[in-house]
>>> print(open('entry_10.pdb').read())   # PDB, C-alpha atoms, pLDDT in the B column
ATOM      1  CA  MET A   1      51.488  68.576 390.835  1.00 48.00           C
ATOM      2  CA  SER A   2      49.710  70.467 388.092  1.00 47.00           C
ATOM      3  CA  PRO A   3      48.669  68.755 384.861  1.00 47.00           C
ATOM      4  CA  LEU A   4      51.044  70.967 382.890  1.00 45.00           C
ATOM      5  CA  ALA A   5      53.981  69.947 385.056  1.00 47.00           C
ATOM      6  CA  ALA A   6      53.012  66.328 384.776  1.00 46.00           C
ATOM      7  CA  ASP A   7      52.712  66.746 381.030  1.00 46.00           C
ATOM      8  CA  GLY A   8      56.171  68.325 380.941  1.00 44.00           C
ATOM      9  CA  ILE A   9      57.697  65.396 382.820  1.00 43.00           C
ATOM     10  CA  VAL A  10      56.094  62.949 380.454  1.00 40.00           C
ATOM     11  CA  ARG A  11      57.432  64.817 377.441  1.00 42.00           C
ATOM     12  CA  GLN A  12      60.888  65.015 378.990  1.00 42.00           C
ATOM     13  CA  THR A  13      60.878  61.274 379.718  1.00 42.00           C
ATOM     14  CA  LEU A  14      59.799  60.431 376.196  1.00 46.00           C
ATOM     15  CA  GLY A  15      62.370  62.787 374.735  1.00 48.00           C
ATOM     16  CA  GLY A  16      65.170  61.300 376.838  1.00 53.00           C
ATOM     17  CA  GLU A  17      64.120  57.781 375.934  1.00 54.00           C
ATOM     18  CA  ALA A  18      63.977  58.648 372.245  1.00 49.00           C
ATOM     19  CA  GLU A  19      67.433  60.235 372.396  1.00 55.00           C
ATOM     20  CA  ARG A  20      68.851  57.170 374.160  1.00 57.00           C
ATOM     21  CA  LEU A  21      67.345  54.838 371.569  1.00 51.00           C
ATOM     22  CA  GLY A  22      68.616  57.033 368.766  1.00 55.00           C
ATOM     23  CA  LYS A  23      72.170  56.899 370.103  1.00 58.00           C
ATOM     24  CA  GLN A  24      71.910  53.137 370.525  1.00 59.00           C
ATOM     25  CA  LEU A  25      70.754  52.766 366.913  1.00 55.00           C
ATOM     26  CA  ASP A  26      73.691  54.855 365.754  1.00 64.00           C
ATOM     27  CA  VAL A  27      76.094  52.625 367.703  1.00 66.00           C
ATOM     28  CA  ASP A  28      74.513  49.466 366.284  1.00 59.00           C
ATOM     29  CA  THR A  29      74.707  50.902 362.761  1.00 63.00           C
ATOM     30  CA  LEU A  30      78.406  51.673 363.159  1.00 64.00           C
ATOM     31  CA  LYS A  31      79.036  48.176 364.515  1.00 65.00           C
ATOM     32  CA  TYR A  32      77.223  46.654 361.549  1.00 58.00           C
ATOM     33  CA  LEU A  33      79.209  48.728 359.060  1.00 60.00           C
ATOM     34  CA  GLU A  34      82.476  47.733 360.718  1.00 65.00           C
ATOM     35  CA  GLU A  35      81.506  44.064 360.620  1.00 60.00           C
ATOM     36  CA  ALA A  36      80.352  44.319 357.008  1.00 60.00           C
ATOM     37  CA  LYS A  37      83.790  45.556 355.927  1.00 62.00           C
ATOM     38  CA  SER A  38      85.399  42.228 356.835  1.00 63.00           C
ATOM     39  CA  CYS A  39      82.462  40.008 355.884  1.00 70.00           C
ATOM     40  CA  ARG A  40      82.440  37.758 352.852  1.00 77.00           C
ATOM     41  CA  ALA A  41      79.823  38.822 350.342  1.00 85.00           C
ATOM     42  CA  LEU A  42      78.500  37.401 347.096  1.00 90.00           C
ATOM     43  CA  GLN A  43      77.827  39.752 344.211  1.00 89.00           C
ATOM     44  CA  ILE A  44      76.548  39.063 340.717  1.00 91.00           C
ATOM     45  CA  PRO A  45      78.943  40.766 338.256  1.00 90.00           C
ATOM     46  CA  ALA A  46      77.605  43.158 335.661  1.00 88.00           C
ATOM     47  CA  GLY A  47      76.330  41.354 332.590  1.00 87.00           C
ATOM     48  CA  GLN A  48      75.320  38.207 334.474  1.00 89.00           C
ATOM     49  CA  ASP A  49      71.843  37.310 335.691  1.00 90.00           C
ATOM     50  CA  GLN A  50      72.886  34.765 338.345  1.00 91.00           C
ATOM     51  CA  LEU A  51      75.864  33.554 340.352  1.00 92.00           C
ATOM     52  CA  THR A  52      78.490  31.242 338.891  1.00 92.00           C
ATOM     53  CA  ALA A  53      81.070  28.985 340.495  1.00 90.00           C
ATOM     54  CA  MET A  54      83.713  31.711 340.112  1.00 91.00           C
ATOM     55  CA  GLU A  55      81.848  33.956 342.554  1.00 93.00           C
ATOM     56  CA  TYR A  56      81.863  31.153 345.116  1.00 94.00           C
ATOM     57  CA  VAL A  57      85.568  30.561 344.502  1.00 92.00           C
ATOM     58  CA  ALA A  58      86.243  34.169 345.520  1.00 91.00           C
ATOM     59  CA  TYR A  59      83.702  33.951 348.369  1.00 93.00           C
ATOM     60  CA  LEU A  60      85.403  30.928 349.940  1.00 93.00           C
ATOM     61  CA  GLY A  61      88.890  32.298 349.283  1.00 92.00           C
ATOM     62  CA  ILE A  62      90.007  29.442 347.025  1.00 91.00           C
ATOM     63  CA  LYS A  63      93.119  30.219 344.979  1.00 89.00           C
ATOM     64  CA  LEU A  64      92.705  28.357 341.701  1.00 85.00           C
ATOM     65  CA  ASP A  65      96.307  28.844 340.647  1.00 82.00           C
ATOM     66  CA  LEU A  66      97.571  27.205 343.859  1.00 82.00           C
ATOM     67  CA  GLU A  67      94.788  24.797 344.844  1.00 85.00           C
ATOM     68  CA  PRO A  68      92.721  23.889 341.757  1.00 83.00           C
ATOM     69  CA  GLU A  69      91.797  20.576 343.414  1.00 83.00           C
ATOM     70  CA  LEU A  70      89.401  22.471 345.693  1.00 88.00           C
ATOM     71  CA  ALA A  71      87.284  24.016 342.941  1.00 88.00           C
ATOM     72  CA  TRP A  72      84.660  21.308 343.511  1.00 89.00           C
ATOM     73  CA  LEU A  73      83.748  22.955 346.822  1.00 92.00           C
ATOM     74  CA  ALA A  74      82.662  26.135 345.054  1.00 91.00           C
ATOM     75  CA  ARG A  75      80.530  24.125 342.625  1.00 90.00           C
ATOM     76  CA  GLU A  76      78.926  22.174 345.467  1.00 91.00           C
ATOM     77  CA  MET A  77      78.092  25.357 347.375  1.00 93.00           C
ATOM     78  CA  LEU A  78      76.634  26.869 344.213  1.00 92.00           C
ATOM     79  CA  ALA A  79      74.379  23.838 343.727  1.00 91.00           C
ATOM     80  CA  ALA A  80      73.389  23.379 347.381  1.00 91.00           C
ATOM     81  CA  PRO A  81      69.702  24.102 348.185  1.00 90.00           C
ATOM     82  CA  MET A  82      68.918  26.850 350.664  1.00 91.00           C
ATOM     83  CA  PRO A  83      67.948  25.790 354.216  1.00 90.00           C
ATOM     84  CA  PRO A  84      64.145  25.703 354.753  1.00 90.00           C
ATOM     85  CA  ASN A  85      64.083  28.995 356.678  1.00 91.00           C
ATOM     86  CA  ALA A  86      66.380  30.955 354.329  1.00 92.00           C
ATOM     87  CA  GLU A  87      65.662  32.911 351.171  1.00 92.00           C
ATOM     88  CA  LEU A  88      68.222  34.243 348.694  1.00 92.00           C
ATOM     89  CA  LYS A  89      67.627  37.820 347.553  1.00 91.00           C
ATOM     90  CA  VAL A  90      69.536  40.188 345.277  1.00 91.00           C
ATOM     91  CA  SER A  91      69.808  43.958 345.641  1.00 88.00           C
ATOM     92  CA  LYS A  92      69.696  46.386 342.730  1.00 87.00           C
ATOM     93  CA  ALA A  93      73.487  46.600 342.885  1.00 85.00           C
ATOM     94  CA  GLY A  94      73.768  42.826 342.458  1.00 89.00           C
ATOM     95  CA  VAL A  95      74.757  42.142 346.076  1.00 88.00           C
ATOM     96  CA  VAL A  96      73.335  38.839 347.305  1.00 91.00           C
ATOM     97  CA  TYR A  97      71.826  38.753 350.783  1.00 89.00           C
ATOM     98  CA  PHE A  98      69.796  36.238 352.730  1.00 91.00           C
ATOM     99  CA  HIS A  99      66.565  36.474 354.708  1.00 91.00           C
ATOM    100  CA  ASP A 100      65.911  34.317 357.764  1.00 91.00           C
ATOM    101  CA  THR A 101      62.132  33.936 357.473  1.00 91.00           C
ATOM    102  CA  VAL A 102      61.754  32.555 361.008  1.00 90.00           C
ATOM    103  CA  ASN A 103      63.588  35.325 362.890  1.00 88.00           C
ATOM    104  CA  ASP A 104      62.996  38.001 360.207  1.00 87.00           C
ATOM    105  CA  TYR A 105      66.734  38.664 360.023  1.00 86.00           C
ATOM    106  CA  TYR A 106      68.809  39.780 357.021  1.00 87.00           C
ATOM    107  CA  THR A 107      72.481  39.021 356.469  1.00 87.00           C
ATOM    108  CA  ILE A 108      75.022  39.001 353.638  1.00 87.00           C
ATOM    109  CA  GLU A 109      76.595  35.773 354.925  1.00 89.00           C
ATOM    110  CA  HIS A 110      75.488  32.632 353.121  1.00 92.00           C
ATOM    111  CA  PRO A 111      73.694  30.262 355.553  1.00 92.00           C
ATOM    112  CA  LEU A 112      76.065  27.423 354.601  1.00 93.00           C
ATOM    113  CA  THR A 113      79.290  29.447 354.819  1.00 92.00           C
ATOM    114  CA  GLN A 114      80.641  27.979 358.050  1.00 92.00           C
ATOM    115  CA  ARG A 115      79.902  24.427 356.922  1.00 92.00           C
ATOM    116  CA  TYR A 116      81.840  24.801 353.683  1.00 93.00           C
ATOM    117  CA  LEU A 117      84.687  26.705 355.321  1.00 93.00           C
ATOM    118  CA  LYS A 118      85.180  23.770 357.704  1.00 93.00           C
ATOM    119  CA  VAL A 119      85.246  21.340 354.781  1.00 92.00           C
ATOM    120  CA  LEU A 120      87.683  23.643 352.957  1.00 92.00           C
ATOM    121  CA  GLU A 121      89.994  23.738 355.962  1.00 92.00           C
ATOM    122  CA  ARG A 122      89.961  19.944 356.226  1.00 90.00           C
ATOM    123  CA  GLN A 123      90.623  19.512 352.507  1.00 88.00           C
ATOM    124  CA  ARG A 124      93.584  21.877 352.679  1.00 88.00           C
ATOM    125  CA  VAL A 125      95.079  19.822 355.500  1.00 86.00           C
ATOM    126  CA  ASP A 126      94.579  16.638 353.488  1.00 81.00           C
ATOM    127  CA  LEU A 127      96.232  18.196 350.420  1.00 78.00           C
ATOM    128  CA  LEU A 128      99.148  19.339 352.553  1.00 77.00           C
ATOM    129  CA  CYS A 129      99.619  15.790 353.831  1.00 74.00           C
ATOM    130  CA  LEU A 130      99.385  14.319 350.329  1.00 69.00           C
ATOM    131  CA  GLY A 131     101.811  16.908 348.995  1.00 65.00           C
ATOM    132  CA  THR A 132     104.546  15.569 351.273  1.00 68.00           C
ATOM    133  CA  LYS A 133     104.413  12.201 349.451  1.00 62.00           C
ATOM    134  CA  PRO A 134     105.991  12.554 345.968  1.00 60.00           C
ATOM    135  CA  SER A 135     104.476   9.301 344.701  1.00 54.00           C
ATOM    136  CA  VAL A 136     100.961  10.488 345.545  1.00 52.00           C
ATOM    137  CA  ASN A 137     101.475  14.152 344.772  1.00 53.00           C
ATOM    138  CA  GLY A 138     102.179  13.329 341.127  1.00 51.00           C
ATOM    139  CA  LEU A 139      98.679  11.876 340.787  1.00 48.00           C
ATOM    140  CA  LEU A 140      96.858  15.001 341.969  1.00 51.00           C
ATOM    141  CA  PHE A 141      94.933  17.054 339.431  1.00 50.00           C
ATOM    142  CA  LYS A 142      96.845  20.298 338.962  1.00 53.00           C
ATOM    143  CA  GLN A 143      94.987  21.857 336.032  1.00 52.00           C
ATOM    144  CA  PRO A 144      92.732  24.762 337.106  1.00 55.00           C
ATOM    145  CA  ASP A 145      89.831  23.611 334.935  1.00 60.00           C
ATOM    146  CA  MET A 146      87.701  26.688 335.646  1.00 62.00           C
ATOM    147  CA  LEU A 147      90.387  28.953 334.225  1.00 63.00           C
ATOM    148  CA  PHE A 148      90.930  26.505 331.366  1.00 62.00           C
ATOM    149  CA  GLN A 149      87.223  26.591 330.477  1.00 62.00           C
ATOM    150  CA  ARG A 150      87.200  30.370 330.472  1.00 62.00           C
ATOM    151  CA  GLN A 151      90.285  30.631 328.236  1.00 63.00           C
ATOM    152  CA  PHE A 152      89.365  27.885 325.752  1.00 62.00           C
ATOM    153  CA  ARG A 153      85.615  28.286 325.399  1.00 58.00           C
ATOM    154  CA  ASN A 154      85.222  26.250 322.214  1.00 59.00           C
ATOM    155  CA  LEU A 155      87.586  23.373 322.879  1.00 62.00           C
ATOM    156  CA  GLN A 156      85.755  20.046 322.847  1.00 63.00           C
ATOM    157  CA  ILE A 157      86.624  17.899 325.880  1.00 72.00           C
ATOM    158  CA  PRO A 158      85.206  14.728 327.442  1.00 76.00           C
ATOM    159  CA  CYS A 159      82.287  15.079 329.850  1.00 83.00           C
ATOM    160  CA  GLN A 160      83.659  16.249 333.204  1.00 81.00           C
ATOM    161  CA  SER A 161      81.087  14.185 335.068  1.00 84.00           C
ATOM    162  CA  CYS A 162      81.249  10.689 333.554  1.00 86.00           C
ATOM    163  CA  GLY A 163      84.578  11.136 331.753  1.00 79.00           C
ATOM    164  CA  VAL A 164      83.466   8.754 328.997  1.00 80.00           C
ATOM    165  CA  MET A 165      81.197  10.562 326.538  1.00 81.00           C
ATOM    166  CA  GLN A 166      82.191  13.684 324.630  1.00 76.00           C
ATOM    167  CA  SER A 167      80.726  16.869 326.046  1.00 80.00           C
ATOM    168  CA  THR A 168      77.916  18.492 324.093  1.00 80.00           C
ATOM    169  CA  VAL A 169      76.965  21.377 326.416  1.00 84.00           C
ATOM    170  CA  LYS A 170      78.757  23.656 328.849  1.00 84.00           C
ATOM    171  CA  CYS A 171      77.052  25.029 331.950  1.00 87.00           C
ATOM    172  CA  ASN A 172      77.562  28.780 332.218  1.00 86.00           C
ATOM    173  CA  GLN A 173      77.283  28.670 336.011  1.00 88.00           C
ATOM    174  CA  CYS A 174      79.071  25.417 336.941  1.00 86.00           C
ATOM    175  CA  LEU A 175      81.771  26.214 334.344  1.00 82.00           C
ATOM    176  CA  MET A 176      81.864  22.543 333.397  1.00 83.00           C
ATOM    177  CA  SER A 177      81.295  20.606 330.188  1.00 83.00           C
ATOM    178  CA  PHE A 178      78.778  17.748 330.184  1.00 86.00           C
ATOM    179  CA  CYS A 179      77.361  15.159 327.870  1.00 86.00           C
ATOM    180  CA  GLY A 180      73.594  15.370 327.430  1.00 86.00           C
ATOM    181  CA  SER A 181      72.789  12.596 329.910  1.00 89.00           C
ATOM    182  CA  CYS A 182      74.953  13.980 332.724  1.00 90.00           C
ATOM    183  CA  ALA A 183      73.682  17.521 332.168  1.00 90.00           C
ATOM    184  CA  ASP A 184      70.077  16.344 332.490  1.00 90.00           C
ATOM    185  CA  ALA A 185      70.795  14.137 335.507  1.00 90.00           C
ATOM    186  CA  LEU A 186      72.570  16.902 337.437  1.00 89.00           C
ATOM    187  CA  HIS A 187      70.364  19.842 336.492  1.00 91.00           C
ATOM    188  CA  LYS A 188      66.827  18.882 335.517  1.00 89.00           C
ATOM    189  CA  THR A 189      66.083  16.986 338.740  1.00 85.00           C
ATOM    190  CA  SER A 190      68.040  19.327 341.010  1.00 86.00           C
ATOM    191  CA  LEU A 191      66.279  20.774 344.075  1.00 83.00           C
ATOM    192  CA  GLY A 192      68.764  23.661 344.268  1.00 84.00           C
ATOM    193  CA  PRO A 193      69.866  26.500 341.988  1.00 86.00           C
ATOM    194  CA  ARG A 194      71.173  24.063 339.353  1.00 88.00           C
ATOM    195  CA  SER A 195      67.684  23.764 337.898  1.00 89.00           C
ATOM    196  CA  ASN A 196      67.958  27.407 336.735  1.00 90.00           C
ATOM    197  CA  HIS A 197      71.398  27.110 335.153  1.00 92.00           C
ATOM    198  CA  THR A 198      71.884  27.983 331.500  1.00 90.00           C
ATOM    199  CA  PHE A 199      73.840  26.044 328.875  1.00 88.00           C
ATOM    200  CA  LEU A 200      75.974  26.754 325.854  1.00 81.00           C
ATOM    201  CA  GLN A 201      75.919  24.210 323.058  1.00 78.00           C
ATOM    202  CA  THR A 202      79.391  23.061 322.061  1.00 70.00           C
ATOM    203  CA  ALA A 203      80.204  22.201 318.462  1.00 54.00           C
ATOM    204  CA  CYS A 204      80.720  18.619 317.362  1.00 47.00           C
ATOM    205  CA  GLY A 205      84.507  18.338 317.459  1.00 50.00           C
ATOM    206  CA  SER A 206      87.108  20.860 318.529  1.00 56.00           C
ATOM    207  CA  LEU A 207      87.198  24.407 317.214  1.00 62.00           C
ATOM    208  CA  CYS A 208      90.073  26.841 317.242  1.00 66.00           C
ATOM    209  CA  SER A 209      89.928  28.959 320.387  1.00 65.00           C
ATOM    210  CA  SER A 210      91.064  32.007 318.434  1.00 72.00           C
ATOM    211  CA  CYS A 211      88.988  32.104 315.232  1.00 73.00           C
ATOM    212  CA  THR A 212      86.232  29.736 316.493  1.00 68.00           C
ATOM    213  CA  MET A 213      85.696  28.551 312.910  1.00 69.00           C
ATOM    214  CA  LYS A 214      88.377  25.994 311.958  1.00 67.00           C
ATOM    215  CA  LYS A 215      89.432  22.775 313.602  1.00 59.00           C
ATOM    216  CA  PRO A 216      92.716  23.165 315.536  1.00 55.00           C
ATOM    217  CA  GLN A 217      95.891  21.569 314.208  1.00 50.00           C
ATOM    218  CA  VAL A 218      98.067  22.306 317.231  1.00 50.00           C
ATOM    219  CA  TYR A 219      97.406  22.700 320.942  1.00 48.00           C
ATOM    220  CA  CYS A 220      99.343  25.219 323.015  1.00 51.00           C
TER     221      CYS A 220
END
>>> encode(input="entry_10.pdb", output="structure tokens")
Amino acid sequence: MSPLAADGIVRQTLGGEAERLGKQLDVDTLKYLEEAKSCRALQIPAGQDQLTAMEYVAYLGIKLDLEPELAWLAREMLAAPMPPNAELKVSKAGVVYFHDTVNDYYTIEHPLTQRYLKVLERQRVDLLCLGTKPSVNGLLFKQPDMLFQRQFRNLQIPCQSCGVMQSTVKCNQCLMSFCGSCADALHKTSLGPRSNHTFLQTACGSLCSSCTMKKPQVYC
């Protein structure tokens, strides 16, 4: 066989292999896009610089108007440290994705998603069981405190951690009000994202949620 013929066979083989790989990449890309449509994804809304508990509420599929008792799961997932081999990254569009540094793999699924979804499923079963007992159901907390905090930003309430001291700060990410001691204990020594949370100082005593200047005389 002449060198030219041999060269032609080599080129044909390489061309066929490249075409096969190209088609396979196209198939894999389509599969990824189809999977991404139904995947849960975290995204930082415009105007925010980091995730809040509300984003995790939507990510886990918690309905605050129906199951406000489960809001603690979103806060726990927000505060949970990343696994040792995972890194949280944010795209220019605000979409949060995660990098597996060991396998060099990128995904939009939070590394702890399946763990918290299992806990959420178990908690929903427990709430369903408790709801069948009227004497116990009346003791369950039914106030969606995250929505309450968003609607009444300036209302002074007791610390949501200790429940004893009056709150002096509100965490913009946890969407909870804390006294100074509880805020420091939960955030300053945190090994997770809580150490980067920001706070809003609350006034000493309640303020009207409408004018934000006078003390309220009635509560609606």
>>> closest_residue(input="entry_10.pdb", among="A:Lys188, A:Arg124, A:Arg40, A:Lys170", to="Thr202 of chain A", atoms="only C-alpha atoms")
A:Lys170
>>> resolve_selection(input="entry_10.pdb", expression="the PyMOL selection byres ((chain A and resi 87-93) around 10)", output="ChimeraX atom specification")
/A:42-46,50,82-86,94-101,106,108,110-111
>>> atom_distance(input="entry_10.pdb", atom1="atom CA of Met54 of chain A", atom2="atom CA of Asp126 of chain A")
22.9 Å
>>> residues_around(input="entry_10.pdb", residues="Thr113 of chain A", least_positions_apart="5", cutoff="10 Å", atoms="all atoms listed in the file", output="PyMOL selection string")
chain A and resi 40+59-60+77+118
>>> closest_residue(input="entry_10.pdb", among="A:Cys159, A:Phe199, A:Glu121, A:Val164", to="Gly61 of chain A", atoms="only C-alpha atoms")
A:Glu121
